[in-house]
Every structure is written in structure tokens, then in C-alpha cells.
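The structure appears right after this line, and notes come after that.
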Amino acid sequence: MRIMRGRFAPSPTGEIHLGNVWTALLAWLQVRAAGGVMVLRIEDLDPGRSRSVYTDQLMSDMKWLGLDWDEGPDLGGQYGPYRQNERRELYQAALERLEASGLIYPCYCTRAALAASAPHAGDNERIYNGACRRQPVAAARQTSRRPALRLAVPPGPISFEDLHAGLVCQDIVREAGDFVVRRSDGVHAYQLAVVVDDAAMNITHVLRGFDLLSSTPRQLLLYRLLELPAPAFTHVPLLVDTNGVRLSKRQQALSIAALRANGTRAETIVGYLAFKAGLLDRFLEVKACELISGFTVEKIPRDQIVIEEQLSV
């Protein structure tokens with residue numbers, strides 16, 4: 001029988017908050033309930049935004065919450081996280097495989113040009129109109145800037161059965177267009193890096209927020225083109241504040257570091273999130289390990305979850 005392998009993969013661009021812990025807790029419980037292996041990976045590809053101090057803080061916060069992991073580089077008797085910044089050669093090798101198949105082309109379009117000409121595909125995303133794919137020579141002559149690299153998306157829908165959201169079907173050409181696999185600054189894009197990493201780490205199950213659901217077909221396409229095994233996906237609803245705004249790292253009062261500093265107990269946070277996830281019928285202070293035996297994905301609500309500022313119920 002195949003052992004379940006899951007992961008938590010935060011970006012070290014700020015202090016982790018309740019929204020991060022929400023998905024981390026549920027991903028951890030999914031793996032622990034199956035007797036599987038949990039991996040911690042730091043997605044620090046973006047050198048302009050990533051900070052090592054945030055990595056140290058999130059590792060401390062996770063351990064404080066009781067969310068441990070089982071695998072990673074040995075740091076003197078304990079497992080550290082995998083770091084994408086140390087894995088760039090793997091992403092480049094995958095990119096070169098796609099290039100060798102004739103699936104990659106340079107894109108010289110600026111952000112301003114994309115903003116002016118491309119419709120929205122989602123949060124901070126725009127549907128690419130294929131200008132540089134249709135006229136590559138003309139596009140290259142118009143600028144001296146270093147190009148991004150895009151995947152020439154083949155036609156046809158991508159479908160998969162999400163373990164919480166159900167059947168998902170997307171026509172990538174129509175709903176996203178040819179997407180970036182390496183940015184113009186040389187940084188490999190998230191879509192490519194996450195596929196390479198999850199395959200290399202033998203991840204069998206990915207549980208993450210609903211905001212990433214629309215990008216999953218792109219990743220599944222890359223798995224197929226690179227001939228890599230794809231994991232099963234579970235996308236859970238997002239946490240929002242009382243105004244319906246998704247939690248973010250800008251809301252410092254709900255960061256775990258701030259809550260710890262204010263005297264909030266780890267059991268309070270875990271119990272509160274478990275109650276919101278439908279794992280408890282009333283709010284109780286509990287340790288994460290006490291939720292393992294009763295966890296099932298089916299208990300998690302399908303609608304977004306409203307979080308109060310003071311963790312009140």
C-alpha cells in the first residue's frame with residue numbers, strides 16, 4: 001500500500017498568520033490521520049521578497065503549534081526544511097526538457113503591456129494573448145529586455161477530481177493562456193517549481209487553499225508534459241475577516257507571532273481552527289495531535305470561513 005506523503009510549503013515573505021496555519025493544520029491532519037509522512041518546504045524562489053528571519057519564525061511557530069514534519073535536510077540531529085532557493089538546478093533541467101520538446105518560447109511583453117491588453121484570469125493574473133508566440137521575430141526586435149519564457153499550451157481541457165471541491169475542468173488556452181515558466185529576471189516560476197518539487201519529493205497528496213484551485217490544471221499539464229506522477233489535490237475554503245476580505249500577512253494582529261506575544265495559547269488557536277473546520281462541534285482548547293483520529297476531509301465546510309479578530313466564538 002502506498003504511503004501518503006503531504007507537504008506544507010509556505011513562502012517566507014512575512015509572519016505566518018491564521019490563514020497559513022488553517023491550511024497547514026488541515027494538511028498535517030490529512031497526513032497524520034493516514035499514518036503518512038509530512039514534508040516542510042520553504043518556497044523562497046523570489047529573492048526580492050524572501051527573508052530567512054521569516055523562515056526561522058515560521059519553523060518556531062509550527063513547532064509551538066504542534067505541527068511537526070518528518071523529512072528534510074539534517075541540521076545537526078533535526079530535520080530542517082527543503083528550500084527552493086537551493087533547488088534551482090532541478091527547475092532548470094525541467095525547463096530544458098520542455099525546451100527540447102519545442103514547448104517554450106520567449107516573451108518580451110512588459111507588465112504594462114499585459115495590463116493594457118489582457119483580460120483578468122484571477123487574482124493578479126491576466127490571460128495571455130499569445131502576441132510573442134504569433135510574431136516572435138517582431139516581438140524580439142521591439143525591445144532589448146530579457147524575455148520571460150512561456151509554455152506553448154496545447155489545446156484541450158484538463159480535468160481532475162478534487163477531494164473536496166469535486167470535478168474541476170479547465171481549458172487553459174481560454175482561461176489562462178500560455179503561462180510563464182521562467183520570469184524575465186531569470187527566476188523559475190511557481191508553476192514549474194512546485195511541480196518539480198512535489199514529484200521529486202514523492203508527494204502523493206496536496207491540501208491547500210481554494211485560491212490555488214485555478215492554477216492546478218496548469219500544474220497537471222506540466223506533470224503530463226514532463227512525464228511525472230501527479231498528486232491528489234484537496235482545495236479547502238479560505239479564511240476571511242468579518243468584511244469578507246481574505247486573511248493576509250498585512251493583518252499583523254492575526255499573525256502567530258503576535259498572538260503568541262499577546263499570551264494566546266497554542267491549544268486555543270488549534271481548537272478555534274478545528275471548530276471552524278467542523279472537526280469539533282464546539283470550541284475547545286485542544287492539541288493538534290488530539291484531532292488526528294477524528295479527521296476527515298468531508299467534515300470541512302465548502303464555504304469561506306469567517307474569522308473574528310479576537311478568536312471569539
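Going by the C-alpha cells order, chains are called A, B, ..., each with residues numbered from 1, while ligands are numbered from 1 in the order shown.
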* Selection near A:Val21, 12 Å with only C-alpha atoms, sequence-local residues under 6 positions removed, as a ChimeraX atom specification -> /A:8-10,15,27-29,58-59,61-67,208-209,238-239,247-249,254-257,266,269-274,288
Give me a file of those residues, with C-alpha atoms, as a PDB file, in the first residue's frame.
ATOM      1  CA  PHE A   8       3.317  22.380   3.819  1.00  0.00           C
ATOM      2  CA  ALA A   9       5.059  24.875   1.532  1.00  0.00           C
ATOM      3  CA  PRO A  10       4.940  28.468   2.811  1.00  0.00           C
ATOM      4  CA  GLU A  15       4.994  36.203   9.501  1.00  0.00           C
ATOM      5  CA  ALA A  27      -2.733  19.278   5.567  1.00  0.00           C
ATOM      6  CA  TRP A  28      -0.947  17.953   8.653  1.00  0.00           C
ATOM      7  CA  LEU A  29      -4.095  16.220   9.905  1.00  0.00           C
ATOM      8  CA  LEU A  58       7.538  30.024  10.904  1.00  0.00           C
ATOM      9  CA  MET A  59       9.501  26.933  11.963  1.00  0.00           C
ATOM     10  CA  ASP A  61       5.559  28.842  15.200  1.00  0.00           C
ATOM     11  CA  MET A  62       4.814  25.436  13.666  1.00  0.00           C
ATOM     12  CA  LYS A  63       6.631  23.557  16.410  1.00  0.00           C
ATOM     13  CA  TRP A  64       4.851  25.660  19.034  1.00  0.00           C
ATOM     14  CA  LEU A  65       1.504  24.711  17.460  1.00  0.00           C
ATOM     15  CA  GLY A  66       2.435  21.025  17.487  1.00  0.00           C
ATOM     16  CA  LEU A  67       2.753  20.736  13.702  1.00  0.00           C
ATOM     17  CA  ARG A 208      -4.052  23.886   0.136  1.00  0.00           C
ATOM     18  CA  GLY A 209      -6.320  26.906  -0.144  1.00  0.00           C
ATOM     19  CA  LEU A 238     -10.271  30.345   2.654  1.00  0.00           C
ATOM     20  CA  LEU A 239     -10.373  32.234   5.921  1.00  0.00           C
ATOM     21  CA  LEU A 247      -6.566  36.976   5.511  1.00  0.00           C
ATOM     22  CA  SER A 248      -3.092  38.136   4.529  1.00  0.00           C
ATOM     23  CA  LYS A 249       0.297  38.857   6.033  1.00  0.00           C
ATOM     24  CA  LEU A 254      -3.631  37.706  13.376  1.00  0.00           C
ATOM     25  CA  SER A 255      -0.031  36.606  12.840  1.00  0.00           C
ATOM     26  CA  ILE A 256       1.006  33.696  15.025  1.00  0.00           C
ATOM     27  CA  ALA A 257       3.945  35.677  16.374  1.00  0.00           C
ATOM     28  CA  ALA A 266      -1.358  27.165  21.010  1.00  0.00           C
ATOM     29  CA  ILE A 269      -5.560  28.580  18.115  1.00  0.00           C
ATOM     30  CA  VAL A 270      -5.726  24.906  17.172  1.00  0.00           C
ATOM     31  CA  GLY A 271      -9.100  24.435  18.866  1.00  0.00           C
ATOM     32  CA  TYR A 272     -10.540  27.550  17.254  1.00  0.00           C
ATOM     33  CA  LEU A 273      -9.472  26.475  13.760  1.00  0.00           C
ATOM     34  CA  ALA A 274     -10.665  22.921  14.373  1.00  0.00           C
ATOM     35  CA  ALA A 288      -3.217  19.208  17.221  1.00  0.00           C
TER      36      ALA A 288
END
Please report, as CSV, each residue of stretch 208-307 of chain A lying at most 12 Å from stretch 145-158 of chain A, together with the nearest pair of atoms and the separation in Å rounded to one decimal; use only C-alpha atoms, and order rows by chain and ascending residue number.
residue,atom,partner,partner_atom,distance
A:Ser214,CA,A:Ile158,CA,11.1
A:Ser215,CA,A:Ile158,CA,11.1
A:Thr216,CA,A:Ile158,CA,9.3
A:Pro217,CA,A:Ile158,CA,5.8
A:Arg218,CA,A:Ile158,CA,8.2
A:Gln219,CA,A:Ile158,CA,10.0
A:Leu220,CA,A:Ile158,CA,7.6
A:Leu221,CA,A:Ile158,CA,7.3
A:Leu222,CA,A:Leu151,CA,9.2
A:Tyr223,CA,A:Ile158,CA,11.6
A:Arg224,CA,A:Ile158,CA,10.4
A:Leu225,CA,A:Pro154,CA,10.1
Can you write out the residues you just picked, keeping all heavy atoms, as a JSON list (two decimals), in the first residue's frame?
[["chain", "number", "residue", "atom", "x", "y", "z"],
["A", 214, "SER", "N", -7.51, 27.28, -9.30],
["A", 214, "SER", "CA", -7.49, 27.61, -10.73],
["A", 214, "SER", "C", -6.13, 27.38, -11.37],
["A", 214, "SER", "O", -6.03, 27.25, -12.59],
["A", 214, "SER", "CB", -7.93, 29.06, -10.95],
["A", 214, "SER", "OG", -7.01, 29.96, -10.34],
["A", 215, "SER", "N", -5.06, 27.34, -10.56],
["A", 215, "SER", "CA", -3.73, 27.10, -11.12],
["A", 215, "SER", "C", -3.40, 25.62, -11.23],
["A", 215, "SER", "O", -2.43, 25.24, -11.91],
["A", 215, "SER", "CB", -2.67, 27.80, -10.27],
["A", 215, "SER", "OG", -2.53, 27.17, -9.01],
["A", 216, "THR", "N", -4.20, 24.76, -10.61],
["A", 216, "THR", "CA", -3.91, 23.33, -10.59],
["A", 216, "THR", "C", -3.90, 22.71, -11.99],
["A", 216, "THR", "O", -3.02, 21.88, -12.29],
["A", 216, "THR", "CB", -4.89, 22.60, -9.67],
["A", 216, "THR", "OG1", -4.81, 23.19, -8.36],
["A", 216, "THR", "CG2", -4.55, 21.13, -9.56],
["A", 217, "PRO", "N", -4.83, 23.04, -12.90],
["A", 217, "PRO", "CA", -4.75, 22.46, -14.24],
["A", 217, "PRO", "C", -3.43, 22.76, -14.95],
["A", 217, "PRO", "O", -2.92, 21.91, -15.69],
["A", 217, "PRO", "CB", -5.94, 23.10, -14.96],
["A", 217, "PRO", "CG", -6.93, 23.34, -13.87],
["A", 217, "PRO", "CD", -6.10, 23.78, -12.70],
["A", 218, "ARG", "N", -2.87, 23.94, -14.72],
["A", 218, "ARG", "CA", -1.57, 24.25, -15.32],
["A", 218, "ARG", "C", -0.48, 23.32, -14.79],
["A", 218, "ARG", "O", 0.39, 22.85, -15.53],
["A", 218, "ARG", "CB", -1.20, 25.71, -15.05],
["A", 218, "ARG", "CG", -1.86, 26.69, -15.99],
["A", 218, "ARG", "CD", -1.70, 28.12, -15.54],
["A", 218, "ARG", "NE", -2.78, 28.52, -14.64],
["A", 218, "ARG", "CZ", -2.87, 29.72, -14.07],
["A", 218, "ARG", "NH1", -1.93, 30.61, -14.27],
["A", 218, "ARG", "NH2", -3.89, 30.00, -13.29],
["A", 219, "GLN", "N", -0.55, 23.06, -13.50],
["A", 219, "GLN", "CA", 0.43, 22.15, -12.91],
["A", 219, "GLN", "C", 0.23, 20.73, -13.42],
["A", 219, "GLN", "O", 1.20, 20.02, -13.72],
["A", 219, "GLN", "CB", 0.34, 22.22, -11.39],
["A", 219, "GLN", "CG", 0.79, 23.57, -10.84],
["A", 219, "GLN", "CD", 0.29, 23.84, -9.44],
["A", 219, "GLN", "OE1", 0.11, 22.92, -8.65],
["A", 219, "GLN", "NE2", 0.05, 25.11, -9.12],
["A", 220, "LEU", "N", -1.02, 20.31, -13.55],
["A", 220, "LEU", "CA", -1.29, 18.97, -14.07],
["A", 220, "LEU", "C", -0.79, 18.83, -15.51],
["A", 220, "LEU", "O", -0.30, 17.76, -15.91],
["A", 220, "LEU", "CB", -2.78, 18.67, -13.99],
["A", 220, "LEU", "CG", -3.32, 18.45, -12.57],
["A", 220, "LEU", "CD1", -4.84, 18.36, -12.60],
["A", 220, "LEU", "CD2", -2.74, 17.19, -11.95],
["A", 221, "LEU", "N", -0.91, 19.90, -16.28],
["A", 221, "LEU", "CA", -0.37, 19.87, -17.64],
["A", 221, "LEU", "C", 1.15, 19.68, -17.62],
["A", 221, "LEU", "O", 1.70, 18.89, -18.39],
["A", 221, "LEU", "CB", -0.73, 21.16, -18.38],
["A", 221, "LEU", "CG", -0.12, 21.33, -19.77],
["A", 221, "LEU", "CD1", -0.59, 20.22, -20.69],
["A", 221, "LEU", "CD2", -0.48, 22.70, -20.34],
["A", 222, "LEU", "N", 1.82, 20.39, -16.72],
["A", 222, "LEU", "CA", 3.28, 20.25, -16.61],
["A", 222, "LEU", "C", 3.67, 18.85, -16.16],
["A", 222, "LEU", "O", 4.66, 18.28, -16.66],
["A", 222, "LEU", "CB", 3.84, 21.30, -15.66],
["A", 222, "LEU", "CG", 3.87, 22.73, -16.19],
["A", 222, "LEU", "CD1", 4.23, 23.72, -15.08],
["A", 222, "LEU", "CD2", 4.86, 22.86, -17.35],
["A", 223, "TYR", "N", 2.92, 18.28, -15.23],
["A", 223, "TYR", "CA", 3.19, 16.89, -14.85],
["A", 223, "TYR", "C", 3.13, 15.99, -16.07],
["A", 223, "TYR", "O", 3.98, 15.11, -16.27],
["A", 223, "TYR", "CB", 2.15, 16.41, -13.82],
["A", 223, "TYR", "CG", 2.39, 16.85, -12.40],
["A", 223, "TYR", "CD1", 1.52, 17.75, -11.78],
["A", 223, "TYR", "CD2", 3.47, 16.36, -11.67],
["A", 223, "TYR", "CE1", 1.73, 18.15, -10.47],
["A", 223, "TYR", "CE2", 3.68, 16.76, -10.35],
["A", 223, "TYR", "CZ", 2.80, 17.65, -9.76],
["A", 223, "TYR", "OH", 3.01, 18.05, -8.47],
["A", 224, "ARG", "N", 2.10, 16.20, -16.89],
["A", 224, "ARG", "CA", 1.93, 15.35, -18.07],
["A", 224, "ARG", "C", 3.06, 15.54, -19.07],
["A", 224, "ARG", "O", 3.63, 14.56, -19.58],
["A", 224, "ARG", "CB", 0.58, 15.66, -18.73],
["A", 224, "ARG", "CG", 0.21, 14.69, -19.85],
["A", 224, "ARG", "CD", -1.12, 15.08, -20.45],
["A", 224, "ARG", "NE", -0.99, 16.21, -21.36],
["A", 224, "ARG", "CZ", -2.01, 16.91, -21.86],
["A", 224, "ARG", "NH1", -3.25, 16.60, -21.49],
["A", 224, "ARG", "NH2", -1.80, 17.90, -22.69],
["A", 225, "LEU", "N", 3.41, 16.80, -19.34],
["A", 225, "LEU", "CA", 4.45, 17.08, -20.33],
["A", 225, "LEU", "C", 5.83, 16.60, -19.88],
["A", 225, "LEU", "O", 6.66, 16.21, -20.70],
["A", 225, "LEU", "CB", 4.48, 18.57, -20.64],
["A", 225, "LEU", "CG", 3.22, 19.15, -21.29],
["A", 225, "LEU", "CD1", 3.34, 20.66, -21.41],
["A", 225, "LEU", "CD2", 2.97, 18.51, -22.64]]
* To do: Mind checking which residues fall within 9 Å of A:Val181, counting only C-alpha atoms, ignoring those fewer than 2 positions away in the same chain, and posting them as a list of chain:residue names?
  => A:Leu95, A:Ile104, A:Ala148, A:Leu149, A:Arg150, A:Leu151, A:Phe179, A:Arg183, A:Val187, A:His188, A:Ala189, A:Tyr190, A:Gln191, A:Leu192, A:Ala193
* To do: Could you give me the residues within stretch 101-241 of chain A that DSSP places in strand (DSSP E), as a ChimeraX atom specification?
  => /A:104-107,120-122,125-126,148-151,158-162,166-170,180-182,205-209,232-236,239-240
* To do: Could you give me, as a VMD selection string, each residue of stretch 245-298 of chain A that DSSP assigns to helix (DSSP H, G or I) when run on this structure's backbone?
  => chain A and resid 252 to 254 256 to 261 266 to 276 288 to 294 297 to 298
* Asked: Quick one: residues within 10 Å of A:Tyr82, only C-alpha atoms counted, chain neighbours fewer than 3 positions away excluded, as a VMD selection string?
  -> chain A and resid 9 39 to 44 71 to 73 79 85 to 87 197 201
Please provide the set of residues having any atom within 8 Å of stretch 159-165 of chain A, restricted to only C-alpha atoms, with same-chain residues fewer than 6 positions apart removed, written as a compact mmCIF listing (two decimals) with N, CA and C atoms, in the first residue's frame.
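Final output, result37.txt:
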# COMPACT_ATOMS: atom_id res chain seq x y z
N PRO A 217 -4.83 23.04 -12.90
CA PRO A 217 -4.75 22.46 -14.24
C PRO A 217 -3.43 22.76 -14.95
N ALA A 232 -2.77 13.75 -5.62
CA ALA A 232 -4.19 14.07 -5.46
C ALA A 232 -4.29 15.43 -4.79
N PHE A 233 -5.29 16.22 -5.19
CA PHE A 233 -5.42 17.58 -4.67
C PHE A 233 -6.67 17.72 -3.82
N THR A 234 -6.53 18.51 -2.76
CA THR A 234 -7.64 18.89 -1.89
C THR A 234 -7.57 20.39 -1.68
N HIS A 235 -8.56 21.13 -2.17
CA HIS A 235 -8.58 22.58 -2.00
C HIS A 235 -9.68 22.95 -1.01
N VAL A 236 -9.28 23.63 0.05
CA VAL A 236 -10.21 23.94 1.14
C VAL A 236 -10.57 25.43 1.10
N VAL A 297 -11.74 14.76 5.51
CA VAL A 297 -11.92 15.91 4.62
C VAL A 297 -13.39 16.28 4.50
N GLU A 298 -14.28 15.28 4.58
CA GLU A 298 -15.71 15.51 4.39
C GLU A 298 -16.29 16.46 5.43
N ARG A 302 -17.69 23.91 2.87
CA ARG A 302 -17.37 24.28 1.49
C ARG A 302 -17.35 25.79 1.28
* For each of A:Trp22, A:Val196, A:Asp70, A:Asp46, take the minimum atom-to-atom distance to A:Phe275, counting only C-alpha atoms, then give the residue where this is smallest. =>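 Closest to A:Phe275 of all the choices is A:Trp22.
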* Taking only C-alpha atoms into account, which of A:Pro81, A:Ile203, A:Arg97, A:Asp68 comes nearest A:Pro229? ->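 Of A:Pro81, A:Ile203, A:Arg97, A:Asp68, the one nearest A:Pro229 is A:Ile203, counting only C-alpha atoms.
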